[in-house]
Amino acid sequence: MELICIGLSHRTAPLAVRERLALSESRQLEVVQRLAHAPVEALWVSTCNRVEVYLSAPDAALARQRVVAELQSLGGPEALDHLYEHRGENALVHLFRVAGSLDSMVLGEAQILGQVKDAFERGQGAGAVRGELTRACAAAFSCAKRVRTETAIGRASTSMAAAAVQLASKVFDGLGGKTVLVVGAGEMGELAARHLKGAGATKLFITNRTLARAEALAVEVGGTARPFEELFALLAAADVVVCSTASPVPIFTKENVGAVGRARRGRPLFMVDLAVPRDIDPAVGQLDWVHAYDVDDIQKFVADNAAARAEEAQKAGVLVAQEVARFVKERALREGTPVLARLRQRAEAIGRAEVERTLSALGDGLNDKQRKSIEAMGRAIVNKLLHEPTSRLRAVGPEGEGNRLAGAAAELFGLLEGEEPADAAAPASLPTAQAAATGAK
Amino acid sequence: MSHTLVSLACHAYGIAAVVYLAYLVRQKEVLATIGRVLVGGGLALHGVALFELLGVQEGRPVGLAQGFSALAFLLLAIFLALDVRYKRPVIGAFLTPLAVTVLIPGLLLHGGQSPLPPGVRQPLLPLHITLALLGLAAFAVAAGVGVMYILMERQVKAKRFGLLFSRLPSLEFLDTLNRRLVVWGFIALSVTLATGAFFVTSTPELGWHWDGKSIATVVAWGVFAALVNARIFAGWRGRRVALLTMAGFCLVLVSFLSSYDLAAPTAAAMRLP
């Protein structure tokens with residue numbers, strides 16, 4: 001089975017191409033199910049900055065062909081000009097970097113991990129992500145956690161929402177006394193609302209097609225929820241608008257935004273579009289009093305700050321390399337000897353060694369029956385200790401949860417370092433065995 | 001004596017201009033402090049020189065040279081007040097070079113004592129001239145701020161996140177500052193016009209005639225009156241207002257220059273309305 005990643009991102013494709021491939025969740029599932037016929041696995045990761053398909057397939061060339069055809073039919077032939085492809089260990093490194101936010105538009109931003117996790121869960125739910133991709137994603141998530149906790153990459157205010165607030169400060173002299181409108185109460189909307197409130201926005205209105213979500217967010221961040229029908233009345237009052245809805249067509253056009261111009265009496269309006277496909281038509285920015293920014297503009301803005309975080313990104317890169325190497329080693333071991341067999345082998349070797357030591361410490365004073373009893377006791381202890389883990393691992397099977405448990409067992413019992421001879425493990429237990437033997441005397 | 005002091009002040013302003021330009025690039029707070037001290041020191045020297053000069057000239061600057069010198073002094077005094085009040089030293093990068101440009105003719109030209117018609121030797125004359133210069137300085141600063149606004153707006157609109165984008169104050173700040181300066185300048189200009197009109201009506205030998213100065217001043221007053229009204233009642237702001245401020249400033253500058261006999265700057269005879 002080979003791991004492949006095919007996709008396009010803010011680094012390779014303009015927003016106009018990316019937004020054609022920004023599918024709704026249900027369509028993503030349809031595509032993934034078409035691609036993931038057993039034994040092929042497929043994971044569709046779609047954020048506002050990237051659309052990537054990860055595949056684990058026995059025939060990489062065939063799987064690649066099918067993905068490319070799918071991307072072409074969705075994004076048009078132009079999409080193919082912007083594709084990149086990673087295979088094998090490079091695909092793993094890419095997945096780890098994406099999850100760790102090292103490939104993000106805003107380096108170190110926190111949202112991407114949640115977005116990849118959501119994609120993973122959807123894939124699992126649809127049965128498209130099973131064995132190899134499950135293990136790869138689990139390792140990528142734990143690597144991302146290390147990146148966040150062991151480097152300072154996420155500590156600076158580096159999210160898209162934070163960048164939007166910084167941009168607003170170039171139009172307005174602080175957000176105190178300003179009216180802010182957040183359109184869309186999803187994850188991005190929530191982050192934007194929190195940042196804007198934190199930056200001192202006096203009035204914060206949140207609107208969403210489902211009012212209940214807007215209300216929940218408003219309670220959480222201290223804003224006011226308003227029905228979506230009031231959108232343009234709210235626009236007339238707003239100084240800053242941040243949109244992040246899943247609407248497939250722009251909500252704000254030059255005409256409908258221009259229509260509130262008279263009521264605003266020339267008051268400037270700062271609009272940030274964090275959605276892909278865009279919520280704000282690019283022509284809106286032509287209005288004299290509107291300053292409209294989309295995700296690509298924000299990328300351009302934060303690119304300048306990237307240098308400041310380069311050092312942390314370097315540290316994070318080292319972590320990624322470590323984690324990938326570890327994953328590759330684990331996989332090699334896993335594919336070589338199953339964890340259960342290795343665990344039993346190790347435990348039996350330890351049991352045998354300890355029984356031998358005990359018997360030799362007791363010397364010739366034992367008869368055959370006593371010797372056999374001690375040997376039986378050693379085997380019984382090993383069997384009883386291994387019974388529960390063995391039956392549990394067998395019950396969950398080789399994929400999904402089974403994988404996780406097997407990985408944990410391999411980690412706990414030190415099975416990842418290769419097969420150690422029984423006497424290599426013995427010295428650690430020697431003092432105890434000797435003490436027991438002495439006590440027995 | 002006063003010429004030496006003004007020359008020293010001009011050097012201080014010149015160094016301050018370089019320091020503020022360096023601040024624009026480096027953003028080191030210490031540069032802003034040095035710039036502030038240099039401008040403050042220069043203003044002290046310049047102030048002493050002007051005080052000494054005006055003391056012997058019935059409280060009024062005489063000739064183009066002194067006019068420029070007083071204008072540069074007021075311009076920098078306004079800048080320093082703004083810098084202390086708003087802590088935006090970056091404005092200095094635009095205003096200190098402007099002030100030095102204004103002051104240099106003040107140093108190079110030698111102003112002579114102009115004979116004044118006896119009728120206009122009135123106690124209100126120093127007030128008239130001071131307010132005229134103060135208004136002009138306020139409009140100069142407002143125009144400088146307007147230039148900054150237009151530069152910043154171009155960066156924001158074109159999404160060019162370069163040096164100016166990161167260094168210039170927000171559009172809202174620049175627009176608000178422009179509004180305040182224009183309002184103060186407009187008040188000063190109105191009082192100048194009123195006192196000027198008073199001189200004309202109370203001094204029959206002067207007589208009112210529509211020369212370049214009168215026309216430029218009245219048109220400038222009209223522009224600023226329209227601007228202040230449009231801001232208050234029609235919500236005008238932004239680029240349109242910044243451009244109008246610059247146009248108004250040019251008119252006031254024409255009016256200022258028409259107050260002097262430019263053909264004979266060394267004689268620098270002053271023509272009153």
# chains A, B, ... in the order shown; residues from 1 in each chain; ligands from 1

call {"tool": "interface_residues", "arguments": {"of": "chain A", "to": "chain B", "cutoff": "7 Å", "atoms": "only C-alpha atoms", "output": "JSON list (two decimals) with N, CA, C and O atoms, in the first residue's frame"}}
result
[["chain", "number", "residue", "atom", "x", "y", "z"],
["A", 169, "SER", "N", -7.20, 47.59, 11.97],
["A", 169, "SER", "CA", -6.57, 48.71, 12.68],
["A", 169, "SER", "C", -5.88, 49.67, 11.72],
["A", 169, "SER", "O", -5.39, 50.72, 12.13],
["A", 170, "LYS", "N", -5.79, 49.32, 10.44],
["A", 170, "LYS", "CA", -5.22, 50.24, 9.46],
["A", 170, "LYS", "C", -6.31, 51.15, 8.87],
["A", 170, "LYS", "O", -6.01, 52.13, 8.23],
["A", 171, "VAL", "N", -7.55, 50.75, 9.08],
["A", 171, "VAL", "CA", -8.65, 51.59, 8.61],
["A", 171, "VAL", "C", -9.20, 52.40, 9.79],
["A", 171, "VAL", "O", -9.41, 53.60, 9.68],
["A", 172, "PHE", "N", -9.40, 51.71, 10.92],
["A", 172, "PHE", "CA", -9.96, 52.38, 12.09],
["A", 172, "PHE", "C", -8.91, 52.53, 13.17],
["A", 172, "PHE", "O", -8.04, 51.67, 13.31],
["A", 173, "ASP", "N", -9.05, 53.61, 13.93],
["A", 173, "ASP", "CA", -8.10, 53.85, 15.00],
["A", 173, "ASP", "C", -8.57, 53.10, 16.24],
["A", 173, "ASP", "O", -9.03, 53.71, 17.21],
["A", 265, "ARG", "N", -23.86, 57.45, 4.92],
["A", 265, "ARG", "CA", -23.34, 58.81, 4.74],
["A", 265, "ARG", "C", -21.81, 58.82, 4.65],
["A", 265, "ARG", "O", -21.14, 59.57, 5.33],
["A", 266, "GLY", "N", -21.29, 57.94, 3.82],
["A", 266, "GLY", "CA", -19.85, 57.93, 3.54],
["A", 266, "GLY", "C", -18.99, 57.29, 4.61],
["A", 266, "GLY", "O", -17.77, 57.30, 4.50],
["A", 291, "HIS", "N", -13.52, 48.90, 2.11],
["A", 291, "HIS", "CA", -12.22, 48.25, 2.01],
["A", 291, "HIS", "C", -12.47, 46.76, 2.22],
["A", 291, "HIS", "O", -12.77, 46.34, 3.34],
["A", 297, "ASP", "N", -5.82, 38.05, 0.21],
["A", 297, "ASP", "CA", -5.26, 39.33, 0.66],
["A", 297, "ASP", "C", -4.66, 39.16, 2.06],
["A", 297, "ASP", "O", -3.60, 39.72, 2.36],
["A", 301, "PHE", "N", -0.87, 39.66, 3.49],
["A", 301, "PHE", "CA", -0.58, 40.49, 4.66],
["A", 301, "PHE", "C", 0.28, 39.73, 5.67],
["A", 301, "PHE", "O", 1.26, 40.26, 6.18]]

call {"tool": "residues_around", "arguments": {"residues": "segment 90-99 of chain B", "least_positions_apart": "6", "cutoff": "6 Å", "atoms": "only C-alpha atoms", "output": "PyMOL selection string"}}
result
chain B and resi 17+20-21+24+72

call {"tool": "residues_around", "arguments": {"residues": "Trp184 of chain B", "least_positions_apart": "4", "cutoff": "8 Å", "atoms": "only C-alpha atoms", "output": "number ranges by chain"}}
result
B: 135, 138, 180, 188

call {"tool": "residues_around", "arguments": {"residues": "Phe249 of chain B", "least_positions_apart": "2", "cutoff": "9 Å", "atoms": "only C-alpha atoms", "output": "short mmCIF file (atom, residue, chain, number, x, y, z; two decimals) with C-alpha atoms, in the first residue's frame"}}
result
data_model
loop_
_atom_site.label_atom_id
_atom_site.label_comp_id
_atom_site.auth_asym_id
_atom_site.auth_seq_id
_atom_site.Cartn_x
_atom_site.Cartn_y
_atom_site.Cartn_z
CA LEU B 136 -1.84 78.88 7.13
CA PHE B 139 -3.80 74.19 6.76
CA ALA B 140 -0.22 73.20 5.89
CA ALA B 142 -3.80 69.46 7.42
CA ALA B 143 -2.57 69.23 3.82
CA ALA B 220 -9.89 79.69 0.01
CA LEU B 244 -9.99 69.58 -1.11
CA THR B 245 -7.79 70.40 1.88
CA MET B 246 -4.75 70.39 -0.37
CA ALA B 247 -6.51 72.63 -2.92
CA LEU B 251 -5.12 78.95 -2.34
CA VAL B 252 -4.15 80.14 1.14
CA LEU B 253 -0.51 79.81 0.16
CA VAL B 254 -1.14 81.98 -2.91
#

call {"tool": "residues_around", "arguments": {"residues": "Cys10 of chain B", "least_positions_apart": "3", "cutoff": "9 Å", "atoms": "only C-alpha atoms", "output": "short mmCIF file (atom, residue, chain, number, x, y, z; two decimals) with all heavy atoms, in the first residue's frame"}}
result
data_model
loop_
_atom_site.label_atom_id
_atom_site.label_comp_id
_atom_site.auth_asym_id
_atom_site.auth_seq_id
_atom_site.Cartn_x
_atom_site.Cartn_y
_atom_site.Cartn_z
N LEU B 5 20.41 82.39 15.71
CA LEU B 5 19.51 81.48 16.44
C LEU B 5 18.61 80.70 15.46
O LEU B 5 18.44 79.49 15.59
CB LEU B 5 18.63 82.26 17.42
CG LEU B 5 19.32 82.79 18.68
CD1 LEU B 5 18.37 83.64 19.50
CD2 LEU B 5 19.84 81.64 19.53
N VAL B 6 18.08 81.41 14.46
CA VAL B 6 17.20 80.76 13.48
C VAL B 6 18.01 79.74 12.68
O VAL B 6 17.53 78.63 12.38
CB VAL B 6 16.52 81.80 12.56
CG1 VAL B 6 15.70 81.10 11.48
CG2 VAL B 6 15.63 82.72 13.36
N SER B 7 19.26 80.10 12.38
CA SER B 7 20.11 79.18 11.64
C SER B 7 20.34 77.90 12.45
O SER B 7 20.27 76.79 11.92
CB SER B 7 21.42 79.88 11.32
OG SER B 7 22.30 78.98 10.74
N TYR B 13 16.13 71.39 13.12
CA TYR B 13 14.98 70.85 12.38
C TYR B 13 15.44 69.89 11.27
O TYR B 13 14.80 68.86 11.03
CB TYR B 13 14.17 71.97 11.71
CG TYR B 13 13.58 73.00 12.66
CD1 TYR B 13 13.38 74.33 12.24
CD2 TYR B 13 13.19 72.66 13.96
CE1 TYR B 13 12.83 75.28 13.08
CE2 TYR B 13 12.66 73.63 14.81
CZ TYR B 13 12.48 74.93 14.37
OH TYR B 13 11.94 75.87 15.20
N GLY B 14 16.55 70.28 10.62
CA GLY B 14 17.07 69.43 9.53
C GLY B 14 17.47 68.06 10.05
O GLY B 14 17.10 67.03 9.47
N ILE B 15 18.18 68.06 11.21
CA ILE B 15 18.59 66.76 11.78
C ILE B 15 17.33 65.99 12.23
O ILE B 15 17.21 64.78 12.02
CB ILE B 15 19.56 66.97 12.97
CG1 ILE B 15 20.82 67.69 12.47
CG2 ILE B 15 19.96 65.63 13.60
CD1 ILE B 15 21.72 68.21 13.59
N GLY B 42 14.89 73.26 18.81
CA GLY B 42 14.86 74.19 17.68
C GLY B 42 13.78 75.24 17.88
O GLY B 42 14.00 76.43 17.64
N HIS B 46 14.30 79.17 18.02
CA HIS B 46 13.54 79.91 17.01
C HIS B 46 12.58 80.90 17.69
O HIS B 46 12.44 82.05 17.26
CB HIS B 46 12.75 78.88 16.19
CG HIS B 46 12.32 79.36 14.86
ND1 HIS B 46 11.88 78.50 13.88
CD2 HIS B 46 12.22 80.61 14.32
CE1 HIS B 46 11.54 79.19 12.81
NE2 HIS B 46 11.74 80.48 13.06
N VAL B 100 11.35 72.49 7.16
CA VAL B 100 12.70 72.92 6.78
C VAL B 100 12.65 73.61 5.42
O VAL B 100 13.28 74.65 5.20
CB VAL B 100 13.67 71.70 6.76
CG1 VAL B 100 15.03 72.10 6.20
CG2 VAL B 100 13.84 71.15 8.17
N LEU B 103 11.45 77.00 5.94
CA LEU B 103 12.34 77.88 6.70
C LEU B 103 13.55 78.33 5.88
O LEU B 103 14.05 79.45 6.09
CB LEU B 103 12.79 77.15 7.97
CG LEU B 103 13.67 77.93 8.94
CD1 LEU B 103 13.00 79.25 9.33
CD2 LEU B 103 13.97 77.13 10.19
N ILE B 104 14.01 77.49 4.97
CA ILE B 104 15.24 77.84 4.23
C ILE B 104 15.13 79.20 3.53
O ILE B 104 16.03 80.04 3.69
CB ILE B 104 15.67 76.69 3.28
CG1 ILE B 104 16.26 75.57 4.14
CG2 ILE B 104 16.69 77.16 2.24
CD1 ILE B 104 16.58 74.29 3.41
N LEU B 107 15.81 81.94 5.81
CA LEU B 107 17.21 82.18 6.19
C LEU B 107 17.98 82.86 5.07
O LEU B 107 18.86 83.68 5.30
CB LEU B 107 17.89 80.84 6.49
CG LEU B 107 17.72 80.31 7.90
CD1 LEU B 107 18.26 78.90 8.00
CD2 LEU B 107 18.42 81.22 8.90
#

call {"tool": "select_by_dssp", "arguments": {"residues": "segment 6-233 of chain A", "states": "alpha helix (DSSP H)", "output": "ChimeraX atom specification"}}
result
/A:15-20,25-35,60-75,77-80,88-99,111-125,132-150,160-171,187-198,211-221,231-233

call {"tool": "write_last_selection", "arguments": {"atoms": "C-alpha atoms", "output": "CSV table (one decimal), in the first residue's frame"}}
result
chain,number,residue,atom,x,y,z
A,15,LEU,CA,-8.7,31.7,-4.9
A,16,ALA,CA,-10.8,31.5,-8.1
A,17,VAL,CA,-9.6,28.0,-8.7
A,18,ARG,CA,-9.8,26.9,-5.0
A,19,GLU,CA,-13.4,28.1,-4.6
A,20,ARG,CA,-14.5,25.8,-7.5
A,25,GLU,CA,-19.7,18.2,3.1
A,26,SER,CA,-22.2,16.0,1.4
A,27,ARG,CA,-20.5,16.3,-2.0
A,28,GLN,CA,-17.1,15.7,-0.4
A,29,LEU,CA,-18.5,12.4,0.9
A,30,GLU,CA,-19.9,11.5,-2.5
A,31,VAL,CA,-16.5,12.0,-4.1
A,32,VAL,CA,-14.6,10.2,-1.3
A,33,GLN,CA,-16.9,7.2,-1.5
A,34,ARG,CA,-16.3,7.1,-5.3
A,35,LEU,CA,-12.6,7.1,-4.7
A,60,ALA,CA,-0.8,4.2,-6.8
A,61,ALA,CA,-0.9,5.1,-10.5
A,62,LEU,CA,-4.5,4.0,-10.9
A,63,ALA,CA,-5.6,5.7,-7.8
A,64,ARG,CA,-3.9,8.9,-8.8
A,65,GLN,CA,-5.5,8.8,-12.3
A,66,ARG,CA,-9.0,8.6,-10.7
A,67,VAL,CA,-8.3,11.5,-8.3
A,68,VAL,CA,-7.0,13.7,-11.1
A,69,ALA,CA,-10.1,12.9,-13.2
A,70,GLU,CA,-12.3,13.7,-10.3
A,71,LEU,CA,-10.5,17.0,-9.6
A,72,GLN,CA,-10.7,17.9,-13.3
A,73,SER,CA,-14.4,17.3,-13.5
A,74,LEU,CA,-15.0,19.4,-10.4
A,75,GLY,CA,-12.5,22.3,-10.9
A,77,PRO,CA,-9.0,21.6,-16.6
A,78,GLU,CA,-7.4,24.8,-15.2
A,79,ALA,CA,-7.3,23.1,-11.7
A,80,LEU,CA,-4.8,20.5,-13.0
A,88,GLY,CA,5.2,7.7,0.2
A,89,GLU,CA,7.2,9.4,3.0
A,90,ASN,CA,6.8,12.8,1.4
A,91,ALA,CA,3.1,12.5,1.5
A,92,LEU,CA,3.3,11.6,5.2
A,93,VAL,CA,5.6,14.6,5.9
A,94,HIS,CA,3.1,16.8,4.0
A,95,LEU,CA,0.1,15.5,6.1
A,96,PHE,CA,2.1,16.1,9.3
A,97,ARG,CA,3.0,19.6,8.2
A,98,VAL,CA,-0.6,20.4,7.2
A,99,ALA,CA,-2.0,19.1,10.5
A,111,GLN,CA,-8.0,26.0,13.1
A,112,ILE,CA,-6.4,23.7,10.6
A,113,LEU,CA,-5.9,20.8,13.1
A,114,GLY,CA,-9.7,20.9,13.8
A,115,GLN,CA,-10.5,21.0,10.1
A,116,VAL,CA,-8.3,18.0,9.3
A,117,LYS,CA,-9.8,16.1,12.3
A,118,ASP,CA,-13.3,16.8,11.0
A,119,ALA,CA,-12.3,15.6,7.6
A,120,PHE,CA,-10.8,12.4,9.2
A,121,GLU,CA,-14.0,11.8,11.2
A,122,ARG,CA,-16.2,12.2,8.2
A,123,GLY,CA,-13.9,9.8,6.2
A,124,GLN,CA,-14.1,7.3,9.0
A,125,GLY,CA,-17.8,7.6,9.2
A,132,GLU,CA,-3.3,2.9,7.0
A,133,LEU,CA,-4.9,6.4,6.8
A,134,THR,CA,-6.2,6.1,10.3
A,135,ARG,CA,-2.8,5.3,11.6
A,136,ALA,CA,-1.2,8.1,9.6
A,137,CYS,CA,-3.8,10.7,10.8
A,138,ALA,CA,-3.5,9.6,14.4
A,139,ALA,CA,0.2,10.1,14.2
A,140,ALA,CA,-0.2,13.4,12.4
A,141,PHE,CA,-2.6,14.6,15.2
A,142,SER,CA,-0.2,13.7,17.9
A,143,CYS,CA,2.7,15.4,16.0
A,144,ALA,CA,0.5,18.5,15.7
A,145,LYS,CA,0.0,18.4,19.4
A,146,ARG,CA,3.7,18.3,20.0
A,147,VAL,CA,4.3,21.2,17.6
A,148,ARG,CA,1.8,23.3,19.5
A,149,THR,CA,3.1,22.4,23.0
A,150,GLU,CA,6.8,22.3,22.3
A,160,MET,CA,-6.7,34.5,10.1
A,161,ALA,CA,-9.0,36.2,12.5
A,162,ALA,CA,-6.2,37.9,14.3
A,163,ALA,CA,-4.8,39.1,11.0
A,164,ALA,CA,-8.2,40.5,10.1
A,165,VAL,CA,-8.2,42.5,13.3
A,166,GLN,CA,-4.8,43.8,12.6
A,167,LEU,CA,-5.9,44.9,9.1
A,168,ALA,CA,-8.9,46.6,10.6
A,169,SER,CA,-6.6,48.7,12.7
A,170,LYS,CA,-5.2,50.2,9.5
A,171,VAL,CA,-8.7,51.6,8.6
A,187,GLU,CA,-15.6,27.9,13.7
A,188,MET,CA,-14.1,30.8,11.7
A,189,GLY,CA,-16.9,33.1,12.7
A,190,GLU,CA,-16.4,32.2,16.3
A,191,LEU,CA,-12.7,32.9,16.2
A,192,ALA,CA,-13.3,36.2,14.4
A,193,ALA,CA,-16.0,37.2,17.0
A,194,ARG,CA,-13.6,36.4,19.9
A,195,HIS,CA,-10.7,38.4,18.4
A,196,LEU,CA,-12.9,41.4,17.5
A,197,LYS,CA,-14.4,41.4,21.0
A,198,GLY,CA,-10.9,41.1,22.4
A,211,LEU,CA,-30.4,31.8,14.4
A,212,ALA,CA,-29.9,29.3,17.2
A,213,ARG,CA,-26.2,29.0,16.3
A,214,ALA,CA,-25.8,32.7,16.2
A,215,GLU,CA,-27.5,32.9,19.6
A,216,ALA,CA,-25.3,30.3,21.1
A,217,LEU,CA,-22.2,32.1,19.9
A,218,ALA,CA,-23.5,35.5,21.0
A,219,VAL,CA,-23.9,34.2,24.5
A,220,GLU,CA,-20.4,32.7,24.5
A,221,VAL,CA,-18.6,35.8,23.2
A,231,LEU,CA,-28.4,41.4,7.3
A,232,PHE,CA,-28.6,44.6,5.2
A,233,ALA,CA,-30.0,46.7,8.1

call {"tool": "atom_distance", "arguments": {"atom1": "atom CA of Arg87 of chain A", "atom2": "atom CA of Glu2 of chain A"}}
result
7.4 Å

call {"tool": "closest_residue", "arguments": {"among": "B:Ser255, B:Leu125, B:Tyr260, B:Arg154", "to": "Asp288 of chain A", "atoms": "only C-alpha atoms"}}
result
B:Arg154

call {"tool": "residues_around", "arguments": {"residues": "segment 40-45 of chain A", "least_positions_apart": "5", "cutoff": "6 Å", "atoms": "only C-alpha atoms", "output": "number ranges by chain"}}
result
A: 51-57, 119, 123, 128-129

call {"tool": "atom_distance", "arguments": {"atom1": "atom CA of Lys28 of chain B", "atom2": "atom CA of Ala9 of chain B"}}
result
23.8 Å

call {"tool": "residues_around", "arguments": {"residues": "Thr179 of chain A", "least_positions_apart": "3", "cutoff": "7 Å", "atoms": "only C-alpha atoms", "output": "list in words"}}
result
Ala201, Thr202, Lys203, Leu204, Ala237, Ala238, Asp239 and Val240 of chain A

call {"tool": "write_last_selection", "arguments": {"atoms": "N, CA and C atoms", "output": "PDB file, in the first residue's frame"}}
result
ATOM      1  N   ALA A 201     -14.081  45.769  20.290  1.00  0.00           N
ATOM      2  CA  ALA A 201     -15.296  46.136  19.546  1.00  0.00           C
ATOM      3  C   ALA A 201     -16.435  46.392  20.534  1.00  0.00           C
ATOM      4  N   THR A 202     -17.101  47.534  20.390  1.00  0.00           N
ATOM      5  CA  THR A 202     -18.125  47.898  21.362  1.00  0.00           C
ATOM      6  C   THR A 202     -19.405  47.110  21.123  1.00  0.00           C
ATOM      7  N   LYS A 203     -19.875  47.139  19.865  1.00  0.00           N
ATOM      8  CA  LYS A 203     -21.113  46.413  19.554  1.00  0.00           C
ATOM      9  C   LYS A 203     -20.759  45.263  18.632  1.00  0.00           C
ATOM     10  N   LEU A 204     -21.162  44.070  19.019  1.00  0.00           N
ATOM     11  CA  LEU A 204     -20.852  42.901  18.195  1.00  0.00           C
ATOM     12  C   LEU A 204     -22.158  42.196  17.840  1.00  0.00           C
ATOM     13  N   ALA A 237     -25.364  49.652   9.630  1.00  0.00           N
ATOM     14  CA  ALA A 237     -24.881  50.174  10.913  1.00  0.00           C
ATOM     15  C   ALA A 237     -23.440  49.773  11.199  1.00  0.00           C
ATOM     16  N   ALA A 238     -22.936  48.780  10.465  1.00  0.00           N
ATOM     17  CA  ALA A 238     -21.635  48.193  10.828  1.00  0.00           C
ATOM     18  C   ALA A 238     -20.455  49.024  10.346  1.00  0.00           C
ATOM     19  N   ASP A 239     -19.353  48.917  11.091  1.00  0.00           N
ATOM     20  CA  ASP A 239     -18.083  49.496  10.647  1.00  0.00           C
ATOM     21  C   ASP A 239     -17.172  48.393  10.101  1.00  0.00           C
ATOM     22  N   VAL A 240     -17.267  47.227  10.740  1.00  0.00           N
ATOM     23  CA  VAL A 240     -16.442  46.086  10.321  1.00  0.00           C
ATOM     24  C   VAL A 240     -17.361  44.894  10.085  1.00  0.00           C
TER      25      VAL A 240
END

call {"tool": "closest_residue", "arguments": {"among": "B:Val241, B:Gly196, B:Gly185, B:Gln66", "to": "Val147 of chain B", "atoms": "only C-alpha atoms"}}
result
B:Val241
